[in-house]
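Enquirer: My file is model-v3.tsv. It has TSV, C-alpha atoms:
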```tsv
chain	number	residue	atom	x	y	z
H	946	MET	CA	73.21	116.06	84.01
H	947	GLY	CA	76.82	117.01	83.82
H	948	THR	CA	79.59	114.47	83.73
H	949	ASP	CA	82.10	116.64	85.51
H	950	GLY	CA	84.45	114.26	87.33
H	951	ALA	CA	85.53	116.88	89.83
H	952	ALA	CA	81.94	117.64	90.77
H	953	ALA	CA	81.20	113.94	91.07
H	954	LEU	CA	84.07	113.42	93.46
H	955	ALA	CA	83.09	116.50	95.45
H	956	ALA	CA	79.61	115.06	95.87
H	957	LEU	CA	81.20	111.88	97.25
H	958	GLY	CA	82.92	113.84	100.02
H	959	ASP	CA	80.16	112.96	102.41
H	960	PRO	CA	79.80	109.63	104.25
H	961	THR	CA	76.03	109.38	103.78
H	962	ARG	CA	76.32	109.93	100.05
H	963	GLN	CA	79.10	107.36	99.94
H	964	ALA	CA	76.81	104.90	101.67
H	965	ILE	CA	73.98	105.68	99.26
H	966	VAL	CA	76.27	105.11	96.30
H	967	GLU	CA	77.41	101.77	97.71
H	968	LEU	CA	73.78	100.75	98.28
H	969	LEU	CA	72.82	101.71	94.74
H	970	ALA	CA	75.82	99.75	93.49
H	971	ALA	CA	73.82	96.65	94.42
H	972	GLY	CA	70.84	97.79	92.34
H	973	PRO	CA	68.16	100.48	91.96
H	974	ARG	CA	66.36	101.56	95.09
H	975	ALA	CA	63.45	103.77	96.08
H	976	VAL	CA	63.96	106.55	98.62
H	977	GLY	CA	62.16	104.63	101.34
H	978	GLU	CA	64.32	101.57	100.80
H	979	ILE	CA	67.47	103.66	101.06
H	980	ALA	CA	66.25	105.38	104.22
H	981	ALA	CA	65.38	102.04	105.76
H	982	ALA	CA	68.91	100.76	105.16
H	983	LEU	CA	70.71	103.78	106.60
H	984	PRO	CA	70.54	105.71	109.87
H	985	VAL	CA	69.22	108.69	107.94
H	986	SER	CA	65.72	110.14	107.54
H	987	ARG	CA	63.79	110.07	104.27
H	988	PRO	CA	64.02	113.85	103.76
H	989	ALA	CA	67.77	113.67	104.31
H	990	VAL	CA	68.06	110.82	101.80
H	991	SER	CA	66.04	112.85	99.29
H	992	GLN	CA	68.36	115.78	99.76
H	993	HIS	CA	71.45	113.64	99.28
H	994	LEU	CA	69.95	112.06	96.17
H	995	LYS	CA	69.34	115.55	94.80
H	996	VAL	CA	73.01	116.36	95.28
H	997	LEU	CA	74.07	113.08	93.68
H	998	LYS	CA	71.79	113.71	90.72
H	999	ALA	CA	73.18	117.21	90.25
H	1000	ALA	CA	76.66	115.71	90.22
H	1001	GLY	CA	75.67	113.24	87.54
H	1002	LEU	CA	76.17	110.17	89.70
H	1003	VAL	CA	72.57	109.09	90.03
H	1004	THR	CA	69.50	109.04	87.81
H	1005	ASP	CA	65.94	108.11	88.59
H	1006	THR	CA	63.11	106.51	86.68
H	1007	ALA	CA	59.45	105.82	87.41
H	1008	VAL	CA	58.66	102.13	87.60
H	1009	GLY	CA	54.95	101.77	88.03
H	1010	THR	CA	54.04	103.93	91.00
H	1011	ARG	CA	57.57	103.91	92.40
H	1012	ARG	CA	60.50	106.13	91.67
H	1013	LEU	CA	63.74	104.20	91.60
H	1014	TYR	CA	67.21	105.68	91.86
H	1015	GLN	CA	70.22	104.10	90.20
H	1016	LEU	CA	73.87	104.87	89.55
H	1017	ASP	CA	74.67	106.68	86.33
H	1018	PRO	CA	77.50	105.04	84.40
H	1019	ALA	CA	78.52	108.34	82.81
H	1020	GLY	CA	78.97	109.97	86.20
H	1021	ALA	CA	80.81	106.93	87.49
H	1022	ALA	CA	83.17	106.99	84.53
H	1023	ALA	CA	83.74	110.72	84.97
H	1024	ALA	CA	84.60	110.29	88.65
H	1025	ARG	CA	86.98	107.44	87.99
H	1026	GLY	CA	88.50	109.25	85.04
H	1027	TYR	CA	89.14	112.34	87.13
H	1028	LEU	CA	90.72	110.30	89.88
H	1029	ASP	CA	92.93	108.45	87.44
H	1030	ARG	CA	94.03	111.61	85.65
H	1031	PHE	CA	94.94	113.20	88.96
H	1032	TRP	CA	97.02	110.22	89.99
H	1033	SER	CA	98.63	109.87	86.61
H	1034	THR	CA	99.72	113.51	86.72
H	1035	ALA	CA	100.94	113.32	90.31
H	1036	LEU	CA	102.86	110.09	89.87
H	1037	ASP	CA	104.46	111.22	86.61
H	1038	ALA	CA	105.57	114.42	88.33
H	1039	PHE	CA	106.98	112.50	91.29
H	1040	LYS	CA	108.78	110.04	89.06
H	1041	GLN	CA	110.29	112.82	86.96
H	1042	ALA	CA	111.37	114.74	90.06
H	1043	VAL	CA	113.05	111.67	91.54
H	1044	GLU	CA	114.82	110.67	88.35
H	1045	ARG	CA	115.92	114.22	87.58
H	1046	SER	CA	117.28	114.55	91.10
H	1047	GLU	CA	119.15	111.28	90.71
H	1048	GLU	CA	120.64	112.34	87.37
H	1049	GLU	CA	121.86	115.61	88.86
H	1050	ARG	CA	123.49	113.71	91.66
H	1051	ARG	CA	125.52	111.48	89.37
J	806	MET	CA	120.54	92.53	86.72
J	807	SER	CA	124.15	93.53	87.05
J	808	GLY	CA	123.44	97.08	88.07
J	809	SER	CA	123.09	98.59	84.62
J	810	ARG	CA	120.38	101.17	84.34
J	811	GLN	CA	117.21	99.78	82.91
J	812	PRO	CA	114.41	101.82	81.49
J	813	THR	CA	111.48	101.92	83.84
J	814	GLN	CA	107.92	101.75	82.68
J	815	ALA	CA	105.83	104.88	82.62
J	816	ALA	CA	104.09	105.76	85.84
J	817	THR	CA	101.20	103.40	86.15
J	818	THR	CA	98.29	102.99	88.45
J	819	GLU	CA	98.02	99.37	87.49
J	820	GLY	CA	100.41	96.47	87.87
J	821	PRO	CA	100.73	93.33	89.89
J	822	THR	CA	101.07	95.00	93.24
J	823	VAL	CA	97.98	97.18	93.02
J	824	GLY	CA	95.22	95.64	95.05
J	825	ASP	CA	97.63	93.54	97.09
J	826	THR	CA	96.94	93.41	100.77
J	827	MET	CA	99.90	94.52	102.82
J	828	SER	CA	100.43	92.27	105.77
J	829	GLY	CA	102.30	93.06	108.91
J	830	SER	CA	100.30	96.22	109.60
J	831	THR	CA	97.85	96.71	112.39
J	832	GLN	CA	95.05	96.69	109.85
J	833	ASP	CA	94.67	95.33	106.34
J	834	LEU	CA	95.85	97.83	103.78
J	835	VAL	CA	95.30	97.73	100.05
J	836	VAL	CA	97.79	99.15	97.58
J	837	ARG	CA	95.79	101.71	95.64
J	838	ARG	CA	98.50	103.25	93.48
J	839	SER	CA	102.13	102.52	92.76
J	840	VAL	CA	104.99	103.56	90.52
J	841	THR	CA	108.54	102.41	89.93
J	842	VAL	CA	111.26	105.05	89.80
J	843	ALA	CA	114.85	104.71	88.56
J	844	ALA	CA	116.58	105.81	91.74
J	845	PRO	CA	117.75	104.38	95.05
J	846	VAL	CA	115.21	104.18	97.81
J	847	GLU	CA	116.88	106.96	99.77
J	848	ARG	CA	116.52	109.32	96.82
J	849	ALA	CA	112.88	108.44	96.30
J	850	TRP	CA	112.19	109.03	100.00
J	851	ALA	CA	113.99	112.37	99.98
J	852	VAL	CA	112.22	113.70	96.91
J	853	TYR	CA	108.85	112.51	98.20
J	854	THR	CA	109.26	114.03	101.65
J	855	GLU	CA	111.70	116.96	101.59
J	856	GLY	CA	110.87	117.66	97.98
J	857	TYR	CA	107.08	117.38	98.27
J	858	GLY	CA	106.65	120.94	97.10
J	859	SER	CA	108.58	120.25	93.91
J	860	TRP	CA	106.25	117.66	92.42
J	861	TYR	CA	102.77	117.74	93.98
J	862	PRO	CA	99.95	119.03	91.73
J	863	LYS	CA	99.84	122.79	92.30
J	864	ASP	CA	96.15	123.03	91.55
J	865	HIS	CA	95.49	121.13	94.78
J	866	TYR	CA	95.29	123.33	97.85
J	867	ILE	CA	92.98	124.00	100.78
J	868	GLY	CA	93.81	127.65	101.43
J	869	ALA	CA	92.38	130.68	99.71
J	870	GLU	CA	94.62	130.35	96.67
J	871	PRO	CA	97.29	128.02	95.29
J	872	ALA	CA	99.87	127.36	97.97
J	873	GLU	CA	103.47	128.50	97.77
J	874	THR	CA	104.57	125.02	98.73
J	875	VAL	CA	103.63	121.95	100.73
J	876	LEU	CA	105.84	120.57	103.46
J	877	ILE	CA	106.08	117.45	105.58
J	878	GLU	CA	107.83	117.89	108.93
J	879	PRO	CA	110.34	115.03	109.21
J	880	PHE	CA	109.22	113.29	112.41
J	881	ALA	CA	106.30	111.40	113.91
J	882	GLY	CA	103.71	113.97	114.87
J	883	GLY	CA	105.03	116.41	112.29
J	884	ARG	CA	102.68	118.54	110.27
J	885	TRP	CA	101.80	117.96	106.61
J	886	PHE	CA	100.78	121.42	105.52
J	887	GLU	CA	100.75	124.04	102.83
J	888	LYS	CA	102.23	127.51	103.05
J	889	GLN	CA	100.05	130.36	101.83
J	890	ALA	CA	101.24	133.76	100.66
J	891	ASP	CA	99.37	135.37	103.53
J	892	GLY	CA	101.50	133.46	106.02
J	893	SER	CA	98.86	130.92	107.00
J	894	GLU	CA	99.79	127.24	107.08
J	895	PRO	CA	96.63	125.17	106.68
J	896	GLU	CA	97.24	121.56	107.55
J	897	TRP	CA	96.58	118.59	105.29
J	898	GLY	CA	97.32	116.23	108.18
J	899	ARG	CA	100.04	114.73	110.29
J	900	VAL	CA	102.89	112.30	110.13
J	901	LEU	CA	101.97	109.16	112.07
J	902	VAL	CA	105.01	107.04	111.24
J	903	TRP	CA	108.35	108.39	110.04
J	904	ASP	CA	110.58	105.46	109.11
J	905	PRO	CA	113.06	106.53	106.44
J	906	PRO	CA	113.65	105.48	103.81
J	907	HIS	CA	110.98	102.76	103.79
J	908	ARG	CA	107.71	103.70	105.40
J	909	LEU	CA	105.72	106.86	105.91
J	910	VAL	CA	102.24	106.83	107.37
J	911	LEU	CA	100.24	110.02	107.03
J	912	SER	CA	96.97	111.03	108.56
J	913	TRP	CA	94.76	112.84	106.06
J	914	MET	CA	92.80	115.48	107.95
J	915	VAL	CA	90.88	117.38	105.32
J	916	GLY	CA	87.12	117.15	105.47
J	917	GLY	CA	84.47	116.97	102.80
J	918	ASP	CA	84.39	120.76	102.74
J	919	TRP	CA	88.06	120.81	101.82
J	920	GLN	CA	89.01	122.45	105.08
J	921	HIS	CA	91.28	121.11	107.78
J	922	ASP	CA	89.38	118.85	110.17
J	923	PRO	CA	91.31	118.58	113.43
J	924	ASP	CA	89.30	115.67	114.83
J	925	PRO	CA	91.57	112.61	114.65
J	926	ALA	CA	88.51	110.34	114.58
J	927	HIS	CA	87.65	111.78	111.18
J	928	ALA	CA	91.08	111.26	109.70
J	929	SER	CA	92.00	108.57	107.25
J	930	GLU	CA	95.40	106.94	107.16
J	931	VAL	CA	97.63	106.53	104.19
J	932	GLU	CA	100.70	104.31	104.11
J	933	VAL	CA	103.42	105.31	101.69
J	934	ARG	CA	106.06	102.65	101.06
J	935	PHE	CA	109.43	102.70	99.34
J	936	VAL	CA	110.75	99.27	98.44
J	937	ALA	CA	114.22	98.84	96.95
J	938	GLU	CA	113.83	96.57	93.94
J	939	SER	CA	117.52	97.07	93.21
J	940	PRO	CA	120.21	99.56	94.26
J	941	ASP	CA	118.88	102.04	91.72
J	942	ARG	CA	115.24	101.14	91.40
J	943	THR	CA	112.47	101.81	93.89
J	944	ARG	CA	108.87	100.75	94.00
J	945	TRP	CA	106.70	103.43	95.57
J	946	SER	CA	103.20	102.60	96.73
J	947	TRP	CA	100.22	104.26	98.36
J	948	SER	CA	97.88	102.16	100.48
J	949	THR	CA	94.74	102.75	102.46
J	950	ALA	CA	92.53	100.58	104.62
J	951	ALA	CA	90.77	97.67	103.00
J	952	SER	CA	87.03	97.95	102.57
J	953	SER	CA	85.13	97.87	105.83
J	954	GLY	CA	81.86	96.87	104.21
J	955	THR	CA	78.87	98.90	103.16
J	956	ALA	CA	77.09	99.55	106.45
J	957	PRO	CA	77.60	103.16	107.51
J	958	ALA	CA	77.74	102.16	111.16
J	959	ARG	CA	80.66	99.84	110.53
J	960	ARG	CA	82.32	102.41	108.34
J	961	ARG	CA	82.21	105.04	111.03
J	962	SER	CA	83.80	102.77	113.57
J	963	SER	CA	86.59	101.45	111.38
J	964	ALA	CA	89.99	102.96	111.87
J	965	GLY	CA	91.40	104.55	108.79
J	966	CYS	CA	88.09	105.27	107.10
J	967	GLN	CA	86.97	108.75	106.29
J	968	THR	CA	84.18	109.73	108.66
J	969	ARG	CA	82.31	112.98	108.78
J	970	PRO	CA	79.39	112.69	111.19
J	971	ARG	CA	78.80	116.40	111.26
J	972	ALA	CA	76.01	117.70	109.04
J	973	THR	CA	76.85	118.60	105.49
J	974	ARG	CA	75.49	121.76	104.03
J	975	SER	CA	72.62	120.93	101.73
J	976	THR	CA	74.13	123.03	98.97
J	977	CYS	CA	77.42	121.18	99.13
J	978	ALA	CA	77.51	120.17	95.48
J	979	ALA	CA	75.69	123.24	94.24
J	980	SER	CA	78.37	125.47	95.75
J	981	PRO	CA	81.69	123.75	95.18
J	982	PRO	CA	84.38	124.59	97.73
J	983	ARG	CA	85.90	127.89	96.71
J	984	TRP	CA	89.32	126.47	96.19
J	985	ARG	CA	88.28	123.44	94.22
J	986	ALA	CA	87.85	125.04	90.83
J	987	ASP	CA	90.97	126.50	89.39
J	988	ARG	CA	91.62	128.48	86.27
J	989	ALA	CA	92.63	125.40	84.36
J	990	GLY	CA	89.24	123.98	85.18
J	991	ARG	CA	90.70	120.78	86.49
J	992	GLY	CA	89.66	121.43	90.04
J	993	ARG	CA	90.54	119.21	92.91
J	994	GLY	CA	89.01	116.54	94.97
J	995	ALA	CA	91.03	113.47	94.25
J	996	ASP	CA	93.94	113.56	96.61
J	997	ARG	CA	91.93	112.97	99.71
J	998	GLY	CA	93.57	109.68	100.57
J	999	GLY	CA	90.21	108.76	101.93
J	1000	THR	CA	89.32	105.13	101.91
J	1001	ALA	CA	85.65	105.96	101.67
J	1002	ILE	CA	85.86	107.89	98.44
J	1003	THR	CA	88.01	105.19	96.92
J	1004	GLU	CA	85.47	102.57	97.92
J	1005	ALA	CA	82.58	104.63	96.64
J	1006	VAL	CA	84.27	105.06	93.30
J	1007	SER	CA	85.04	101.34	93.26
J	1008	ALA	CA	81.37	100.67	93.93
J	1009	LEU	CA	80.51	102.90	91.02
J	1010	GLY	CA	82.88	100.92	88.89
J	1011	ARG	CA	81.55	97.51	89.89
J	1012	ARG	CA	77.97	98.49	89.27
J	1013	CYS	CA	78.52	100.40	86.08
J	1014	GLY	CA	81.02	98.03	84.58
J	1015	VAL	CA	83.76	100.60	84.43
J	1016	THR	CA	86.42	98.42	85.98
J	1017	GLU	CA	88.68	97.51	83.10
J	1018	GLY	CA	92.18	98.65	83.76
J	1019	TYR	CA	91.41	100.53	86.94
J	1020	GLY	CA	93.71	99.78	89.78
J	1021	ILE	CA	91.49	100.88	92.61
```
Rewrite the coordinates I just gave you, this time as structure tokens.
Expert:
Amino acid sequence: MGTDGAAALAALGDPTRQAIVELLAAGPRAVGEIAAALPVSRPAVSQHLKVLKAAGLVTDTAVGTRRLYQLDPAGAAAARGYLDRFWSTALDAFKQAVERSEEERR
Amino acid sequence: MSGSRQPTQAATTEGPTVGDTMSGSTQDLVVRRSVTVAAPVERAWAVYTEGYGSWYPKDHYIGAEPAETVLIEPFAGGRWFEKQADGSEPEWGRVLVWDPPHRLVLSWMVGGDWQHDPDPAHASEVEVRFVAESPDRTRWSWSTAASSGTAPARRRSSAGCQTRPRATRSTCAASPPRWRADRAGRGRGADRGGTAITEAVSALGRRCGVTEGYGI
């Protein structure tokens, strides 16, 4: 799966997927367990998990007869990295603009 | 501190104030990002608001192509919007509180599909603060609502949290919003101001151990 931070954040732009991610933050879960914890049907949960997998945020493994979904650290790091790079760029630009403006004033 | 200019640290997303809970607001806010600038608070306010178009990341836009500029109308109820070459002015949100030069509260009204979402119930609030640390030094900070917990029902009813009850297209991630990917490949998606995305990323961090040095 890709570790594209932008894609990971885009996948998080949905409240159900956010809720799934927060659930999985507590530990691996099967589809049925996720559906039971949210006001969402099993097919909908499956669809959201597919999107999260494609975005590199979630992986799944077979444990016995069950399939468990868990957060993918690489996707998590990519999402956080993207967010941090965005902020770093924006805040540096703001800071430079303010300080340049102040210098010109003096 | 006799008024001599002191070098300020590089823009940082960390620092002692990040994560602090701001009191005195109608709801608990958490400082998500902050930076110190070497300028009086009035200057910082002016550049942030009137000068928004001069510093915001140009690869972030919700129209059909990069915007010509982004503006904040200087009053409560004012629009926060981008100007497109075709004359359209898609809105990012609204000004909720205009209190120069100290406090600006914005309503972020862009949905998960990166289009304007006019429903105020879906908006998330952002508080931007300018605190004078000295006559020529200002601490800028960006705060959103504190975590409302993990239950989706609670999240949807909490003020300030990003909510999108309408159905999401199943191909959402497979077909990224047309404006998200730009030529530089950096795309967009971060400046949503949304509490929920911040919390989700924080959850990712807690679980996956990627928390060192992150100020979220």
Enquirer: Can you work out which one of J:Tyr861, J:Phe886, J:Trp947, J:Phe935 has the shortest atom-to-atom distance to Ala1038 in chain H, counting only C-alpha atoms?
Expert: J:Tyr861
Enquirer: In Å, with one decimal, what is the gap from CA of His993 in chain H to CA of Thr961 in chain H?
Expert: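 According to the coordinates, CA of His993 in chain H and CA of Thr961 in chain H are separated by 7.7 Å.
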Enquirer: Could you list, as a VMD selection string, the residues of chain H having an atom within 9 Å of chain J when counting all atoms listed in the file?
Expert: chain H and resid 951 to 964 966 to 972 982 to 984 992 to 993 996 to 997 999 to 1000 1002 1016 to 1022 1024 to 1025 1027 to 1029 1031 to 1044 1046 to 1048
Enquirer: Would you mind reading off the distance between CA of Glu938 in chain J and CA of Arg1051 in chain H, one decimal, in Å?
Expert: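 About the pair CA of Glu938 in chain J and CA of Arg1051 in chain H: they are 19.5 Å apart.
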Enquirer: In Å to one decimal, how far is CA of Ala1007 in chain H from CA of Arg974 in chain H?
Expert: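 Calculated distance between CA of Arg974 in chain H and CA of Ala1007 in chain H is 11.2 Å.
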Enquirer: Using all atoms listed in the file, find the one residue out of H:Ala981, H:Leu994, H:Val1008, H:Ala989 that sits nearest to Ile965 in chain H.
Expert: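 Of H:Ala981, H:Leu994, H:Val1008, H:Ala989, the one nearest Ile965 in chain H, counting all atoms listed in the file, is H:Leu994.
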